[in-house]
Amino acid sequence: MVPNPTRRAYGVLLAVLLLGVCGPAPAQETIRLIFPFAAGGSGDALARILADGLQKATGTPTIVDNRSGAQGRIGVVAVKQAPPDGKTLLLTPIAPLAVYQHVYKNLAYDPIADFQPVSQIATFDFAIAVGPMAPVTSVKDLVAWVKAHPDKGSYGTPAAGTLPHFFAVSFGKAAGIDLRHVGYRGSAAALTDLLAGQIPIMMTTTSDLLEQHKAGRIRVLATSDAARSPFLSDVPTFKEAGYDITGVGWYGAFAPAGTPRETVDKLSKILAQTVAQPDVKERMLGFGLQPTGTDADTFAAIQKRDSALWEPAVKSSGYTPEQ
């Protein structure tokens with residue numbers, strides 16, 4: 001059937017009038033929580049918990065955007081370049097915002113000037129463990145053993161340039177022993193060699209060692225925080241073992257520099273309330289993370305303090321990354 005020109009013109013006019021009255025449908029706002037590493041793992045799981053909390057508190061759809069690459073730097077730069085309107089946040093572990101400035105010559109961002117700290121979300125510590133190759137039961141025993149057998153002072157970590165690597169450097173200096181680093185591709189590979197007696201010592205996050213320690217296959221000798229790990233309350237800290245060193249990793253939320261303080265404080269409060277919920281705390285502890293949920297000013301001070309704390313160990317390690 002041939003369309004009636006008059007009817008068609010009337011329909012077009014009606015559509016124009018309705019558009020004029022109603023206007024275009026408003027764009028749906030979205031909060032993006034950028035996690036600068038691939039999906040999977042405890043950090044990504046934490047990002048999804050926080051995104052759910054933000055969505056419930058604000059009523060705004062919130063998505064996790066995994067911007068992986070360049071050891072996290074690509075995702076960090078994406079947040080730096082985002083509008084400072086509270087709609088783009090960064091969830092990152094400590095290294096990109098408090099350690100990388102001592103590692104990379106060209107970062108493409110300033111960890112302090114280009115970002116506004118919002119909240120420290122959680123902390124995690126490190127531990128030193130020995131396998132069947134090292135017949136010791138304490139850190140002091142280990143130090144004596146390495147001094148007596150300098151050819152056996154090799155230790156594994158998840159990778160070169162990681163915080164366990166740098167913390168082990170601090171320990172070696174504090175103990176006056178020469179430790180030789182063996183970098184692996186993740187904790188699992190290093191742990192396999194520790195169990196098999198291929199390496200005598202391992203330094204990694206405490207949570208990665210729990211299962212094998214509790215099974216009696218390895219021995220965790222000390223943990224790195226100022227207080228004992230809630231996961232291993234019977235294991236001393238390095239300070240308690242006689243070595244004045246501490247080191248803690250964390251996950252934190254940041255906004256682009258220039259984000260209004262009112263917006264930052266609102267987001268900080270939401271995130272703190274999210275990680276304080278009993279079910280969320282339980283899930284985070286299951287990841288090996290201790291919930292904190294600080295305010296913005298406290299987190300800013302932590303970021304600057306930890307940057308200064310890790311700098312000597314990074315420099316002493318001699319680590320030079322591939323850009």
# chains A, B, ... in the order shown; residues from 1 in each chain; ligands from 1
$ select_by_dssp --residues "segment 51-227 of chain A" --states "helix (DSSP H, G or I)" --output "PyMOL selection string"
chain A and resi 51-58+70-80+94-98+100-102+139-148+150-152+163-175+187-196+206-214
$ write_last_selection --atoms "C-alpha atoms" --output "PDB file, in the first residue's frame"
ATOM      1  CA  ALA A  51      31.856  -1.365  42.961  1.00  0.00           C
ATOM      2  CA  ASP A  52      28.816  -3.062  44.474  1.00  0.00           C
ATOM      3  CA  GLY A  53      29.087  -0.866  47.567  1.00  0.00           C
ATOM      4  CA  LEU A  54      29.369   2.313  45.497  1.00  0.00           C
ATOM      5  CA  GLN A  55      26.373   1.368  43.364  1.00  0.00           C
ATOM      6  CA  LYS A  56      24.195   0.625  46.380  1.00  0.00           C
ATOM      7  CA  ALA A  57      25.170   3.831  48.176  1.00  0.00           C
ATOM      8  CA  THR A  58      24.905   6.210  45.224  1.00  0.00           C
ATOM      9  CA  ALA A  70      52.749  -2.061  31.733  1.00  0.00           C
ATOM     10  CA  GLN A  71      52.637  -3.399  35.306  1.00  0.00           C
ATOM     11  CA  GLY A  72      49.547  -1.326  36.043  1.00  0.00           C
ATOM     12  CA  ARG A  73      50.736   1.958  34.584  1.00  0.00           C
ATOM     13  CA  ILE A  74      48.239   2.017  31.704  1.00  0.00           C
ATOM     14  CA  GLY A  75      45.256   1.959  34.056  1.00  0.00           C
ATOM     15  CA  VAL A  76      46.816   4.570  36.323  1.00  0.00           C
ATOM     16  CA  VAL A  77      47.330   6.962  33.407  1.00  0.00           C
ATOM     17  CA  ALA A  78      43.711   6.430  32.328  1.00  0.00           C
ATOM     18  CA  VAL A  79      42.559   7.714  35.725  1.00  0.00           C
ATOM     19  CA  LYS A  80      44.981  10.639  35.606  1.00  0.00           C
ATOM     20  CA  ILE A  94      50.637   0.055  46.690  1.00  0.00           C
ATOM     21  CA  ALA A  95      53.335  -0.243  44.022  1.00  0.00           C
ATOM     22  CA  PRO A  96      52.032   2.032  41.197  1.00  0.00           C
ATOM     23  CA  LEU A  97      51.358   4.950  43.570  1.00  0.00           C
ATOM     24  CA  ALA A  98      54.092   4.616  46.201  1.00  0.00           C
ATOM     25  CA  TYR A 100      57.147   2.875  41.012  1.00  0.00           C
ATOM     26  CA  GLN A 101      58.532   6.422  41.231  1.00  0.00           C
ATOM     27  CA  HIS A 102      61.703   4.845  42.650  1.00  0.00           C
ATOM     28  CA  VAL A 139      64.921 -15.929  62.070  1.00  0.00           C
ATOM     29  CA  LYS A 140      68.055 -15.785  64.208  1.00  0.00           C
ATOM     30  CA  ASP A 141      68.688 -19.455  63.413  1.00  0.00           C
ATOM     31  CA  LEU A 142      68.279 -18.649  59.728  1.00  0.00           C
ATOM     32  CA  VAL A 143      70.751 -15.787  59.893  1.00  0.00           C
ATOM     33  CA  ALA A 144      73.310 -17.983  61.639  1.00  0.00           C
ATOM     34  CA  TRP A 145      72.742 -20.773  59.108  1.00  0.00           C
ATOM     35  CA  VAL A 146      73.235 -18.450  56.116  1.00  0.00           C
ATOM     36  CA  LYS A 147      76.400 -17.019  57.664  1.00  0.00           C
ATOM     37  CA  ALA A 148      77.708 -20.567  58.163  1.00  0.00           C
ATOM     38  CA  PRO A 150      76.879 -18.503  52.468  1.00  0.00           C
ATOM     39  CA  ASP A 151      76.495 -20.588  49.311  1.00  0.00           C
ATOM     40  CA  LYS A 152      72.955 -21.511  50.404  1.00  0.00           C
ATOM     41  CA  LEU A 163      57.627  -5.770  47.355  1.00  0.00           C
ATOM     42  CA  PRO A 164      58.694  -9.200  48.701  1.00  0.00           C
ATOM     43  CA  HIS A 165      61.929  -8.750  46.714  1.00  0.00           C
ATOM     44  CA  PHE A 166      62.518  -5.280  48.148  1.00  0.00           C
ATOM     45  CA  PHE A 167      61.589  -6.335  51.677  1.00  0.00           C
ATOM     46  CA  ALA A 168      64.031  -9.229  51.515  1.00  0.00           C
ATOM     47  CA  VAL A 169      66.743  -6.728  50.579  1.00  0.00           C
ATOM     48  CA  SER A 170      65.891  -4.746  53.713  1.00  0.00           C
ATOM     49  CA  PHE A 171      66.061  -7.914  55.792  1.00  0.00           C
ATOM     50  CA  GLY A 172      69.441  -8.914  54.356  1.00  0.00           C
ATOM     51  CA  LYS A 173      70.864  -5.501  55.202  1.00  0.00           C
ATOM     52  CA  ALA A 174      69.404  -5.511  58.719  1.00  0.00           C
ATOM     53  CA  ALA A 175      70.719  -9.020  59.385  1.00  0.00           C
ATOM     54  CA  SER A 187      54.257 -17.312  44.271  1.00  0.00           C
ATOM     55  CA  ALA A 188      53.033 -20.768  43.256  1.00  0.00           C
ATOM     56  CA  ALA A 189      56.161 -21.551  41.229  1.00  0.00           C
ATOM     57  CA  ALA A 190      58.468 -20.348  44.006  1.00  0.00           C
ATOM     58  CA  LEU A 191      56.525 -22.318  46.609  1.00  0.00           C
ATOM     59  CA  THR A 192      56.836 -25.478  44.530  1.00  0.00           C
ATOM     60  CA  ASP A 193      60.614 -25.129  44.512  1.00  0.00           C
ATOM     61  CA  LEU A 194      60.666 -24.340  48.237  1.00  0.00           C
ATOM     62  CA  LEU A 195      58.740 -27.517  49.013  1.00  0.00           C
ATOM     63  CA  ALA A 196      61.004 -29.553  46.715  1.00  0.00           C
ATOM     64  CA  THR A 206      51.708 -14.069  54.208  1.00  0.00           C
ATOM     65  CA  SER A 207      48.474 -15.369  52.724  1.00  0.00           C
ATOM     66  CA  ASP A 208      50.357 -17.290  50.021  1.00  0.00           C
ATOM     67  CA  LEU A 209      52.213 -19.297  52.674  1.00  0.00           C
ATOM     68  CA  LEU A 210      49.392 -20.097  55.093  1.00  0.00           C
ATOM     69  CA  GLU A 211      48.207 -23.431  53.732  1.00  0.00           C
ATOM     70  CA  GLN A 212      51.626 -25.058  53.495  1.00  0.00           C
ATOM     71  CA  HIS A 213      52.727 -23.636  56.853  1.00  0.00           C
ATOM     72  CA  LYS A 214      49.655 -24.987  58.645  1.00  0.00           C
TER      73      LYS A 214
END
$ residues_around --residues "Asp114 of chain A" --least-positions-apart "5" --cutoff "7 Å" --atoms "only C-alpha atoms" --output "ChimeraX atom specification"
/A:80,109,256-257
$ closest_residue --among "A:Thr205, A:Thr92, A:Gln81, A:Thr157" --to "Ile121 of chain A" --atoms "only C-alpha atoms"
A:Thr92
$ closest_residue --among "A:Ser224, A:Tyr251, A:Ala308, A:Pro158" --to "Lys239 of chain A" --atoms "only C-alpha atoms"
A:Ser224
$ atom_distance --atom1 "atom CA of Glu29 of chain A" --atom2 "atom CA of Ala272 of chain A"
22.8 Å
$ closest_residue --among "A:Ser42, A:Thr88, A:Gln273, A:Gln120" --to "Val64 of chain A" --atoms "only C-alpha atoms"
A:Thr88
$ closest_residue --among "A:Ala241, A:Leu289, A:Ala253, A:Ala227" --to "Leu271 of chain A" --atoms "only C-alpha atoms"
A:Ala253
$ residues_around --residues "Gly69 of chain A" --least-positions-apart "6" --cutoff "10 Å" --atoms "only C-alpha atoms" --output "ChimeraX atom specification"
/A:36-38,75
$ atom_distance --atom1 "atom CA of Ile199 of chain A" --atom2 "atom CA of Pro132 of chain A"
9.2 Å
$ residues_around --residues "Val275 of chain A" --least-positions-apart "5" --cutoff "8 Å" --atoms "only C-alpha atoms" --output "number ranges by chain"
A: 50, 121, 280-281, 291-293
$ write_last_selection --atoms "C-alpha atoms" --output "CSV table (one decimal), in the first residue's frame"
chain,number,residue,atom,x,y,z
A,50,LEU,CA,33.7,-1.9,46.2
A,121,ILE,CA,40.9,0.0,51.6
A,280,VAL,CA,32.6,-7.9,53.4
A,281,LYS,CA,35.3,-8.1,56.2
A,291,PRO,CA,40.2,-4.1,56.0
A,292,THR,CA,41.0,-0.6,57.0
A,293,GLY,CA,38.8,2.0,55.2
$ closest_residue --among "A:Gly153, A:Pro230, A:Pro117, A:Gly258" --to "Met133 of chain A" --atoms "only C-alpha atoms"
A:Gly153
$ atom_distance --atom1 "atom CA of Leu179 of chain A" --atom2 "atom CA of Tyr155 of chain A"
6.9 Å
$ closest_residue --among "A:Asp279, A:Glu240, A:Asp265, A:Asp306" --to "Thr294 of chain A" --atoms "only C-alpha atoms"
A:Asp265
